[in-house]
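Engineer: Just so it is clear, I am handing over final.tsv, which has TSV, C-alpha atoms and all ligand atoms.
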```
chain	number	residue	atom	x	y	z
A	447	MET	CA	72.56	94.62	-16.55
A	448	ARG	CA	74.45	97.78	-15.55
A	449	HIS	CA	72.77	101.18	-15.63
A	450	LEU	CA	73.73	104.67	-14.46
A	451	ILE	CA	70.63	106.21	-12.90
A	452	ASP	CA	72.17	107.82	-9.82
A	453	THR	CA	75.75	108.87	-9.14
A	454	THR	CA	76.04	106.22	-6.44
A	455	ASP	CA	74.96	103.32	-8.68
A	456	ILE	CA	78.64	102.93	-9.44
A	457	THR	CA	81.28	102.42	-6.77
A	458	VAL	CA	84.12	104.86	-6.12
A	459	ALA	CA	86.46	102.32	-7.76
A	460	GLU	CA	84.24	102.27	-10.86
A	461	VAL	CA	84.16	106.09	-10.95
A	462	ASP	CA	87.96	105.94	-10.87
A	463	GLN	CA	87.95	103.44	-13.71
A	464	ILE	CA	85.73	105.73	-15.82
A	465	ILE	CA	87.93	108.75	-15.09
A	466	ASN	CA	91.07	106.78	-15.90
A	467	THR	CA	89.54	105.53	-19.15
A	468	ALA	CA	88.66	109.15	-20.02
A	469	LEU	CA	92.24	110.24	-19.31
A	470	ASP	CA	93.52	107.40	-21.50
A	471	ILE	CA	91.10	108.42	-24.28
A	472	ILE	CA	92.45	111.99	-24.11
A	473	GLU	CA	96.02	110.68	-24.51
A	474	ASN	CA	95.30	107.95	-27.06
A	475	ARG	CA	92.34	108.99	-29.18
A	476	ALA	CA	93.13	106.63	-32.06
A	477	LYS	CA	93.10	103.57	-29.78
A	478	TYR	CA	89.36	104.05	-29.14
A	479	SER	CA	88.22	105.05	-32.62
A	480	GLU	CA	86.63	101.65	-33.25
A	481	ALA	CA	85.97	100.63	-29.63
A	482	CYS	CA	82.17	100.61	-30.15
A	483	LYS	CA	82.11	99.71	-33.84
A	484	GLY	CA	78.76	98.15	-34.75
A	485	LYS	CA	77.10	99.39	-31.54
A	486	LYS	CA	74.19	101.80	-31.41
A	487	LEU	CA	73.33	104.44	-28.83
A	488	ALA	CA	69.72	105.68	-28.61
A	489	THR	CA	69.29	109.19	-27.24
A	490	LEU	CA	65.75	109.63	-25.88
A	491	PHE	CA	65.44	113.29	-24.96
A	492	TYR	CA	61.98	114.21	-23.73
A	493	GLU	CA	63.26	117.57	-22.50
A	494	PRO	CA	65.36	120.31	-24.20
A	495	SER	CA	69.12	119.85	-24.32
A	496	THR	CA	72.00	121.10	-26.40
A	497	ARG	CA	75.26	120.00	-24.92
A	498	THR	CA	74.27	116.82	-23.14
A	499	ARG	CA	72.63	115.25	-26.19
A	500	LEU	CA	75.27	116.41	-28.65
A	501	SER	CA	77.99	115.38	-26.24
A	502	PHE	CA	76.54	111.84	-26.12
A	503	THR	CA	76.21	111.83	-29.91
A	504	SER	CA	79.74	112.99	-30.51
A	505	ALA	CA	81.05	110.59	-27.83
A	506	MET	CA	79.48	107.57	-29.57
A	507	MET	CA	80.67	108.76	-32.98
A	508	GLU	CA	84.24	109.07	-31.71
A	509	LEU	CA	84.00	105.49	-30.44
A	510	GLY	CA	83.10	104.37	-33.96
A	511	GLY	CA	79.46	103.62	-33.06
A	512	ASN	CA	76.16	104.91	-34.40
A	513	VAL	CA	73.43	107.06	-32.85
A	514	LEU	CA	69.64	107.14	-33.24
A	515	GLY	CA	66.87	108.74	-31.22
A	516	PHE	CA	64.74	111.83	-30.76
A	517	SER	CA	65.26	115.24	-29.23
A	518	ASP	CA	61.65	116.26	-28.92
A	519	ALA	CA	58.98	114.17	-27.21
A	520	ALA	CA	56.33	115.72	-29.47
A	521	SER	CA	57.80	113.90	-32.47
A	522	SER	CA	57.82	110.48	-30.74
A	523	SER	CA	55.06	108.06	-29.71
A	524	VAL	CA	55.01	109.67	-26.27
A	525	SER	CA	52.63	112.18	-27.81
A	526	LYS	CA	50.32	109.20	-28.49
A	527	GLY	CA	50.44	108.28	-24.82
A	528	GLU	CA	53.13	105.58	-24.80
A	529	THR	CA	54.71	104.90	-21.41
A	530	VAL	CA	58.42	105.06	-20.63
A	531	ALA	CA	58.36	101.31	-19.91
A	532	ASP	CA	57.00	100.47	-23.37
A	533	THR	CA	59.27	102.94	-25.16
A	534	VAL	CA	62.43	101.36	-23.72
A	535	ARG	CA	61.21	97.81	-24.34
A	536	VAL	CA	60.85	98.78	-28.00
A	537	LEU	CA	64.09	100.75	-28.21
A	538	GLY	CA	66.03	97.83	-26.73
A	539	CYS	CA	65.33	95.99	-30.00
A	540	PHE	CA	67.11	98.74	-31.96
A	541	ALA	CA	69.91	99.96	-29.69
A	542	ASP	CA	72.69	98.54	-27.48
A	543	ILE	CA	72.59	101.37	-24.93
A	544	ILE	CA	70.16	104.20	-24.14
A	545	ALA	CA	70.67	107.73	-22.79
A	546	MET	CA	67.41	109.25	-21.49
A	547	ARG	CA	66.50	112.77	-20.37
A	548	HIS	CA	63.03	113.30	-18.94
A	549	SER	CA	61.21	116.10	-17.13
A	550	LYS	CA	59.55	113.62	-14.75
A	551	GLU	CA	61.75	112.59	-11.86
A	552	GLY	CA	62.52	108.88	-11.72
A	553	ALA	CA	61.64	108.22	-15.39
A	554	PRO	CA	65.10	106.78	-16.20
A	555	LEU	CA	64.83	104.50	-13.14
A	556	VAL	CA	61.52	103.18	-14.46
A	557	ALA	CA	63.21	102.66	-17.83
A	558	SER	CA	65.99	100.62	-16.19
A	559	HIS	CA	63.42	98.29	-14.63
A	560	TYR	CA	62.14	97.30	-18.08
A	561	SER	CA	65.25	97.52	-20.25
A	562	ASP	CA	67.46	94.74	-21.57
A	563	VAL	CA	70.17	97.27	-22.46
A	564	PRO	CA	72.02	99.73	-20.19
A	565	ILE	CA	70.13	102.95	-19.38
A	566	ILE	CA	72.00	106.19	-18.68
A	567	ASN	CA	70.14	108.96	-16.87
A	568	ALA	CA	70.89	112.15	-18.83
A	569	GLY	CA	68.90	114.29	-16.36
A	570	ASP	CA	65.50	113.67	-14.69
A	571	GLY	CA	63.57	116.78	-13.66
A	572	SER	CA	65.16	118.53	-10.70
A	573	HIS	CA	66.38	115.25	-9.30
A	574	ALA	CA	69.70	114.00	-10.68
A	575	HIS	CA	72.21	114.33	-13.52
A	576	PRO	CA	74.93	111.72	-13.01
A	577	THR	CA	76.78	112.19	-16.32
A	578	GLN	CA	77.24	115.89	-15.57
A	579	THR	CA	78.70	114.73	-12.27
A	580	LEU	CA	81.20	112.47	-14.04
A	581	THR	CA	82.06	115.48	-16.21
A	582	ASP	CA	82.58	117.61	-13.10
A	583	LEU	CA	84.71	114.91	-11.42
A	584	LEU	CA	86.95	114.51	-14.48
A	585	THR	CA	87.32	118.30	-14.66
A	586	ILE	CA	88.21	118.54	-10.96
A	587	ARG	CA	90.75	115.69	-11.33
A	588	ARG	CA	92.37	117.37	-14.33
A	589	GLU	CA	92.35	120.88	-12.89
A	590	LYS	CA	93.11	120.18	-9.23
A	591	GLY	CA	94.84	116.78	-9.45
A	592	ARG	CA	92.62	115.24	-6.75
A	593	LEU	CA	89.04	114.55	-5.69
A	594	ASP	CA	89.60	114.77	-1.94
A	595	ASN	CA	90.47	117.59	0.49
A	596	LEU	CA	88.52	120.25	-1.34
A	597	THR	CA	86.35	123.15	-0.21
A	598	ILE	CA	83.61	123.61	-2.75
A	599	GLY	CA	81.05	126.42	-2.87
A	600	PHE	CA	77.74	125.75	-4.63
A	601	CYS	CA	76.05	128.95	-5.73
A	602	GLY	CA	72.66	129.75	-7.28
A	603	ASP	CA	69.68	127.43	-7.63
A	604	LEU	CA	70.47	124.60	-5.24
A	605	LYS	CA	66.82	123.53	-4.99
A	606	PHE	CA	66.05	122.73	-8.64
A	607	GLY	CA	69.64	122.34	-9.86
A	608	ARG	CA	69.98	118.59	-10.41
A	609	THR	CA	73.71	118.81	-11.19
A	610	VAL	CA	74.33	120.09	-7.66
A	611	HIS	CA	72.38	117.24	-6.07
A	612	SER	CA	74.32	114.60	-7.96
A	613	LEU	CA	77.73	116.21	-7.44
A	614	ILE	CA	77.24	116.57	-3.67
A	615	LYS	CA	76.29	112.88	-3.47
A	616	ALA	CA	79.37	111.90	-5.45
A	617	LEU	CA	81.80	114.07	-3.48
A	618	SER	CA	80.43	112.84	-0.15
A	619	ARG	CA	82.30	109.58	-0.79
A	620	TYR	CA	85.74	111.27	-0.67
A	621	GLU	CA	87.83	112.40	2.35
A	622	GLY	CA	88.19	115.99	3.46
A	623	ILE	CA	85.31	117.54	1.50
A	624	ASN	CA	83.87	120.84	2.81
A	625	VAL	CA	80.63	122.16	1.36
A	626	VAL	CA	79.52	125.79	1.36
A	627	LEU	CA	76.01	126.64	0.14
A	628	ILE	CA	75.28	130.06	-1.35
A	629	ALA	CA	71.63	130.40	-2.37
A	630	PRO	CA	68.58	132.57	-1.78
A	631	GLU	CA	66.25	131.29	0.94
A	632	GLU	CA	63.73	130.09	-1.67
A	633	LEU	CA	66.32	128.03	-3.58
A	634	ARG	CA	68.11	126.26	-0.74
A	635	LEU	CA	69.42	122.70	-1.07
A	636	PRO	CA	66.63	120.12	-0.44
A	637	SER	CA	66.74	119.08	3.20
A	638	TYR	CA	66.94	115.36	2.38
A	639	ILE	CA	70.31	115.93	0.68
A	640	ARG	CA	71.58	118.04	3.55
A	641	ARG	CA	70.52	115.40	6.09
A	642	GLU	CA	70.97	112.11	4.29
A	643	VAL	CA	74.07	112.96	2.28
A	644	CYS	CA	76.02	115.75	4.02
A	645	ASP	CA	75.19	115.12	7.68
A	646	LYS	CA	75.15	111.34	7.39
A	647	ASN	CA	78.65	111.33	5.89
A	648	ASN	CA	79.96	113.97	8.32
A	649	ILE	CA	80.63	116.48	5.56
A	650	PRO	CA	81.08	119.93	7.14
A	651	THR	CA	78.34	121.96	5.41
A	652	ARG	CA	77.38	125.57	5.99
A	653	GLU	CA	75.18	128.17	4.40
A	654	VAL	CA	76.41	131.71	3.80
A	655	ALA	CA	74.64	134.83	2.57
A	656	THR	CA	77.25	136.20	0.16
A	657	MET	CA	79.94	134.89	-2.18
A	658	GLU	CA	82.42	137.46	-0.87
A	659	GLU	CA	82.57	136.04	2.65
A	660	VAL	CA	83.80	132.60	1.51
A	661	MET	CA	85.61	133.39	-1.72
A	662	PRO	CA	89.16	133.28	-0.24
A	663	GLU	CA	88.57	129.79	1.20
A	664	LEU	CA	87.22	128.06	-1.89
A	665	ASP	CA	89.09	125.56	-4.08
A	666	ILE	CA	86.09	125.31	-6.40
A	667	LEU	CA	83.18	127.66	-7.04
A	668	TYR	CA	80.32	125.78	-8.72
A	669	MET	CA	77.94	128.32	-10.29
A	670	THR	CA	74.46	127.37	-11.49
A	671	ARG	CA	71.63	128.88	-13.50
A	672	VAL	CA	68.30	129.63	-11.80
A	673	GLN	CA	66.15	126.89	-13.37
A	674	LYS	CA	63.42	128.98	-14.98
A	675	GLU	CA	61.51	125.99	-16.38
A	676	ARG	CA	60.92	124.52	-12.90
A	677	PHE	CA	59.10	127.57	-11.49
A	678	LEU	CA	55.34	127.53	-11.27
A	679	ASP	CA	55.32	131.28	-10.74
A	680	GLU	CA	57.06	133.46	-13.36
A	681	GLU	CA	57.17	136.41	-10.95
A	682	GLU	CA	59.10	134.41	-8.40
A	683	TYR	CA	61.65	133.50	-11.07
A	684	GLU	CA	62.05	137.17	-12.05
A	685	MET	CA	62.60	138.07	-8.42
A	686	LEU	CA	65.28	135.41	-7.86
A	687	LYS	CA	67.05	135.15	-11.18
A	688	ASP	CA	69.82	137.65	-10.48
A	689	SER	CA	70.40	136.77	-6.82
A	690	PHE	CA	74.08	135.86	-7.28
A	691	ILE	CA	76.28	137.09	-10.08
A	692	LEU	CA	79.97	136.27	-10.38
A	693	ASN	CA	82.10	138.99	-11.99
A	694	ALA	CA	85.81	139.72	-12.34
A	695	GLU	CA	85.72	142.08	-9.36
A	696	ARG	CA	84.36	139.38	-7.03
A	697	LEU	CA	87.01	136.93	-8.26
A	698	LYS	CA	89.80	139.20	-7.01
A	699	ASN	CA	89.61	137.71	-3.51
A	700	ALA	CA	89.68	134.11	-4.71
A	701	LYS	CA	92.69	131.81	-4.50
A	702	LYS	CA	94.98	131.95	-7.52
A	703	ASP	CA	94.28	128.28	-8.22
A	704	MET	CA	90.56	128.24	-7.47
A	705	ILE	CA	88.46	127.00	-10.40
A	706	VAL	CA	85.04	128.19	-11.51
A	707	LEU	CA	82.75	125.44	-12.79
A	708	HIS	CA	79.29	125.75	-14.37
A	709	PRO	CA	77.34	122.94	-16.07
A	710	LEU	CA	76.08	125.50	-18.64
A	711	PRO	CA	73.99	126.96	-20.17
A	712	ARG	CA	74.87	130.21	-18.44
A	713	VAL	CA	72.31	132.99	-18.43
A	714	ASN	CA	73.74	135.95	-16.56
A	715	GLU	CA	75.08	134.45	-13.34
A	716	ILE	CA	78.66	134.76	-14.67
A	717	THR	CA	79.55	137.96	-16.48
A	718	ARG	CA	81.62	137.82	-19.66
A	719	ASP	CA	84.62	139.48	-18.02
A	720	VAL	CA	85.25	136.21	-16.11
A	721	ASP	CA	85.60	134.10	-19.28
A	722	ASN	CA	89.22	134.98	-19.97
A	723	ASP	CA	90.37	134.40	-16.40
A	724	PRO	CA	92.43	131.17	-16.34
A	725	ARG	CA	90.36	130.05	-13.35
A	726	ALA	CA	87.21	129.93	-15.50
A	727	ALA	CA	87.10	126.20	-16.29
A	728	TYR	CA	83.54	125.93	-17.64
A	729	PHE	CA	84.40	125.65	-21.31
A	730	ARG	CA	87.12	123.09	-20.59
A	731	GLN	CA	84.45	121.27	-18.55
A	732	VAL	CA	82.26	120.89	-21.68
A	733	GLU	CA	85.02	119.08	-23.56
A	734	ASN	CA	85.62	116.81	-20.58
A	735	GLY	CA	81.92	115.90	-20.83
A	736	LYS	CA	82.50	114.29	-24.20
A	737	PHE	CA	85.53	112.30	-23.02
A	738	VAL	CA	83.83	111.08	-19.86
A	739	ARG	CA	80.70	110.02	-21.80
A	740	MET	CA	82.95	108.06	-24.19
A	741	ALA	CA	84.50	106.37	-21.16
A	742	LEU	CA	81.08	105.71	-19.62
A	743	ILE	CA	79.54	104.18	-22.76
A	744	TYR	CA	82.63	102.04	-23.28
A	745	ASN	CA	82.75	100.77	-19.68
A	746	LEU	CA	78.98	100.23	-19.26
A	747	LEU	CA	78.92	98.07	-22.39
A	748	GLU	CA	81.92	96.07	-21.12
A	749	TRP	CA	80.47	95.65	-17.61
A	750	SER	CA	77.12	94.56	-18.97
A	751	LYS	CA	78.87	91.93	-21.10
A	752	GLU	CA	80.87	90.63	-18.13
A	753	ARG	CA	78.02	90.70	-15.61
A	754	PRO	CA	74.74	90.53	-17.55
A	755	THR	CA	72.63	89.38	-14.59
A	756	GLU	CA	73.66	92.04	-12.10
A	757	ALA	CA	70.72	93.30	-10.02
A	758	THR	CA	68.70	96.20	-11.41
A	759	PRO	CA	69.06	99.30	-9.23
A	760	ARG	CA	66.41	99.81	-6.60
A	761	LEU	CA	63.95	97.20	-7.83
A	762	ASP	CA	63.12	95.45	-4.57
A	763	LYS	CA	59.65	93.96	-4.85
A	764	ASN	CA	59.45	93.95	-1.01
A	765	GLN	CA	59.40	97.74	-1.13
A	766	ILE	CA	56.15	97.91	-3.11
A	767	ASN	CA	53.41	99.59	-1.11
A	768	GLU	CA	50.25	100.36	-3.02
A	769	ASN	CA	48.80	102.28	-0.05
A	770	LEU	CA	51.36	105.09	-0.17
A	771	ARG	CA	51.60	107.97	-2.65
A	772	CYS	CA	54.61	110.12	-3.50
A	773	SER	CA	53.98	113.80	-2.66
A	774	ASN	CA	55.95	115.13	-5.63
A	775	ARG	CA	53.80	116.09	-8.61
A	776	GLN	CA	56.85	115.95	-10.85
A	777	CYS	CA	57.50	112.29	-10.00
A	778	ILE	CA	56.97	109.68	-12.72
A	779	SER	CA	55.02	107.57	-10.19
A	780	ASN	CA	52.26	110.20	-10.22
A	781	VAL	CA	52.02	110.26	-14.01
A	782	GLU	CA	52.49	106.68	-15.19
A	783	ASP	CA	51.32	103.34	-13.83
A	784	VAL	CA	54.49	102.02	-12.15
A	785	ASP	CA	55.16	99.81	-9.11
A	786	LYS	CA	54.75	102.03	-6.04
A	787	LEU	CA	58.18	101.65	-4.46
A	788	PHE	CA	59.19	103.28	-1.15
A	789	TYR	CA	62.16	103.00	1.19
A	790	GLN	CA	62.47	103.89	4.86
A	791	THR	CA	65.10	106.35	6.06
A	792	ASP	CA	67.10	105.98	9.29
A	793	SER	CA	64.55	108.22	11.00
A	794	GLY	CA	61.75	105.90	9.89
A	795	GLU	CA	60.03	108.09	7.31
A	796	HIS	CA	59.01	106.71	3.91
A	797	ARG	CA	60.46	108.13	0.73
A	798	CYS	CA	59.73	107.49	-2.90
A	799	VAL	CA	62.32	105.28	-4.60
A	800	TYR	CA	61.93	107.14	-7.91
A	801	CYS	CA	62.42	110.75	-6.83
A	802	GLU	CA	63.36	110.54	-3.10
A	803	ALA	CA	60.46	112.83	-2.06
A	804	LYS	CA	58.38	112.23	1.06
A	805	VAL	CA	55.16	110.27	0.87
A	806	LYS	CA	51.70	111.69	1.39
B	901	LIG	C1	72.35	121.28	-16.82
B	901	LIG	C2	71.07	120.49	-16.78
B	901	LIG	O1	70.52	120.15	-17.83
B	901	LIG	O2	70.64	120.18	-15.69
B	901	LIG	N1	72.87	121.41	-18.10
B	901	LIG	C3	73.63	120.42	-18.63
B	901	LIG	O3	73.26	119.28	-18.69
B	901	LIG	N2	74.86	120.75	-19.01
B	901	LIG	C4	72.24	122.58	-16.10
B	901	LIG	C5	71.19	123.55	-16.51
B	901	LIG	O4	70.35	123.29	-17.38
B	901	LIG	O5	71.18	124.63	-15.91
```
Would you write the structure of this file as structure tokens?
Structural biologist:
Amino acid sequence: MRHLIDTTDITVAEVDQIINTALDIIENRAKYSEACKGKKLATLFYEPSTRTRLSFTSAMMELGGNVLGFSDAASSSVSKGETVADTVRVLGCFADIIAMRHSKEGAPLVASHYSDVPIINAGDGSHAHPTQTLTDLLTIRREKGRLDNLTIGFCGDLKFGRTVHSLIKALSRYEGINVVLIAPEELRLPSYIRREVCDKNNIPTREVATMEEVMPELDILYMTRVQKERFLDEEEYEMLKDSFILNAERLKNAKKDMIVLHPLPRVNEITRDVDNDPRAAYFRQVENGKFVRMALIYNLLEWSKERPTEATPRLDKNQINENLRCSNRQCISNVEDVDKLFYQTDSGEHRCVYCEAKVK
């Protein structure tokens, strides 16, 4: 069974196939209007969402399929204490494919271990958001014509911003990528991504203190919202929320063909005077999200038909170690009774398979 839990669960060739399908959908909408006729998508959203859930819904509708699900965990059996594993076993009887968003990191991976239908991770805590990454990749392909040889600046909340984590992983598989990190000290990129993704793949990566000092070099500026809901301390959020604001003045030094991306929702990290600049690509990015999710649903269903017995991602029973505990309180392994799975990094330390945090 094929799932999309992490950006790297699909090969670069498969990413290409999804992007090419999306481009074909954009050109030939009518050809796909019955591509998923008779199929059902379940959207299990345990955490708030506007565009991701509606984008999945509209994607499945445009493929001629149907959609069921919930957008609020309080109205589902989760409020009665049902586990993720049981919920997906049940939902697999009703739906052909499932998109899941969850505040606990690794929850969609747990779901994939128990599901007979493809699971798509629609965002798990601060960890990953692979379908936003596919959206970003399609947008970059359409706007810049390539996915290699790009200097990309990531600005804002690089600690809790799951879209950044997934996009850096995805881009690390292309040639000539340069990464610039622009974040307050408290919201820096997690060190495991810096080490195990950037350094391991020889991606030149540097941190800078201001947007201004790198603006002229950037091909892409990826802005993010400070993730209020992930802070334990409201005061800390208030202190950090306006650390970096992009305005028309600051854009003056940027390349004429630079693009500004943002996964949205925006709070006030991009002022309204940027919206009419042709380089502001964030609303075009939203529409690309629908096309790429159509392409993803279509291809995942095809791949699962062709290769139904393909190995489930990261379910290696040899990695079970009941003596270790994940150190991340937001990890699903600390909330539900799941197999305690750990992998060893090149430097020999153990990390949790579900959320990639260190062990206690
Ligand atoms: C992002 C998310 O949910 O992580 N939004 C989205 O899916 N488009 C970014 C965010 O919430 O800031």
Engineer: Go ahead and compute the interatomic distance for atom CA of A:Leu469 and atom CA of A:Gly622, in Å to one decimal.
Structural biologist: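 If I compute the distance from atom CA of A:Leu469 to atom CA of A:Gly622, I get 23.8 Å.
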Engineer: Please write out the residues within 6 Å of ligand LIG 901 (chain B) as a list of chain:residue names, counting only C-alpha atoms and all ligand atoms.
Structural biologist: A:Arg497, A:Thr498, A:Arg608, A:Thr609, A:Arg671, A:Pro709, A:Leu710, A:Pro711
Engineer: What lies within 10 Å of A:Lys590 using only C-alpha atoms, ignoring chain neighbours under 2 positions off, as a VMD selection string?
Structural biologist: chain A and resid 584 to 588 592 to 594 596 665 to 666 703 to 705
Engineer: Skip A:Asp688 itself and residues of its chain fewer than 5 positions away, then list as a ChimeraX atom specification all residues within 10 Å of it, counting all atoms listed in the file.
Structural biologist: /A:602,671-672,683,713-715
Engineer: Given the point (64.4, 118.0, 7.4) in the file's coordinates, find the residues that have an atom at most 12 Å from it, counting only C-alpha atoms, and give them as a list of chain:residue names.
Structural biologist: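 Those residues, ordered by chain and then number, are A:Leu635, A:Pro636, A:Ser637, A:Tyr638, A:Ile639, A:Arg640, A:Arg641, A:Glu642, A:Asp645, A:Thr791, A:Ser793, A:Glu795, A:Ala803, A:Lys804.
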Engineer: Find the distance between atom CA of A:Asn693 and atom CA of A:Arg730 and write it in Å to one decimal.
Structural biologist: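 So the answer is 18.8 Å.
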Engineer: So which residues touch stretch 744-752 of chain A within 9 Å, counting only C-alpha atoms, skipping near sequence neighbours fewer than 4 positions away, as a PyMOL selection string?
Structural biologist: chain A and resi 447-450+463-464+467+481-482+506+509+542-543+563-564+739-740+756
Engineer: Can you pull out the residues contacting A:Ala519? Cut-off 9 Å, using only C-alpha atoms, and skip same-chain residues under 5 positions away; I want them as a PyMOL selection string.
Structural biologist: chain A and resi 490-493+524-525
Engineer: Using all atoms listed in the file, which of A:Ser501, A:Asn722, A:Gln776, A:Glu653 sits nearest A:Phe606?
Structural biologist: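 Distance minimum relative to A:Phe606 lands on A:Gln776.
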Engineer: Counting all atoms listed in the file, what is within 6 Å of A:Phe788, bar same-chain residues fewer than 4 positions away, as a ChimeraX atom specification?
Structural biologist: /A:765,797-799
Engineer: Could you give me, as JSON lines, a per-residue list for stretch 538-627 of chain A showing, wherever an atom lies at most 12 Å from an atom of stretch 782-785 of chain A, the closest pair of atoms and their distance in Å to one decimal, using all atoms listed in the file and sorting by chain then residue number from low to high?
Structural biologist:
```
{"residue": "A:Lys550", "atom": "CA", "partner": "A:Glu782", "partner_atom": "CA", "distance": 9.9}
{"residue": "A:Glu551", "atom": "CA", "partner": "A:Glu782", "partner_atom": "CA", "distance": 11.5}
{"residue": "A:Gly552", "atom": "CA", "partner": "A:Val784", "partner_atom": "CA", "distance": 10.6}
{"residue": "A:Ala553", "atom": "CA", "partner": "A:Glu782", "partner_atom": "CA", "distance": 9.3}
{"residue": "A:Leu555", "atom": "CA", "partner": "A:Val784", "partner_atom": "CA", "distance": 10.7}
{"residue": "A:Val556", "atom": "CA", "partner": "A:Val784", "partner_atom": "CA", "distance": 7.5}
{"residue": "A:Ala557", "atom": "CA", "partner": "A:Val784", "partner_atom": "CA", "distance": 10.4}
{"residue": "A:His559", "atom": "CA", "partner": "A:Val784", "partner_atom": "CA", "distance": 10.0}
{"residue": "A:Tyr560", "atom": "CA", "partner": "A:Val784", "partner_atom": "CA", "distance": 10.8}
```
Engineer: Between atom CA of A:Thr577 and atom CA of A:Gly538, what is the distance in Å, rounded to a tenth?
Structural biologist: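 These two atoms are separated by 20.7 Å.
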Engineer: From the set A:Asp455, A:Asp603, A:Glu473, A:Glu632, which residue has the shortest atom-to-atom contact distance to A:Ala616, counting all atoms listed in the file?
Structural biologist: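 Among the listed residues, A:Asp455 lies closest to A:Ala616.
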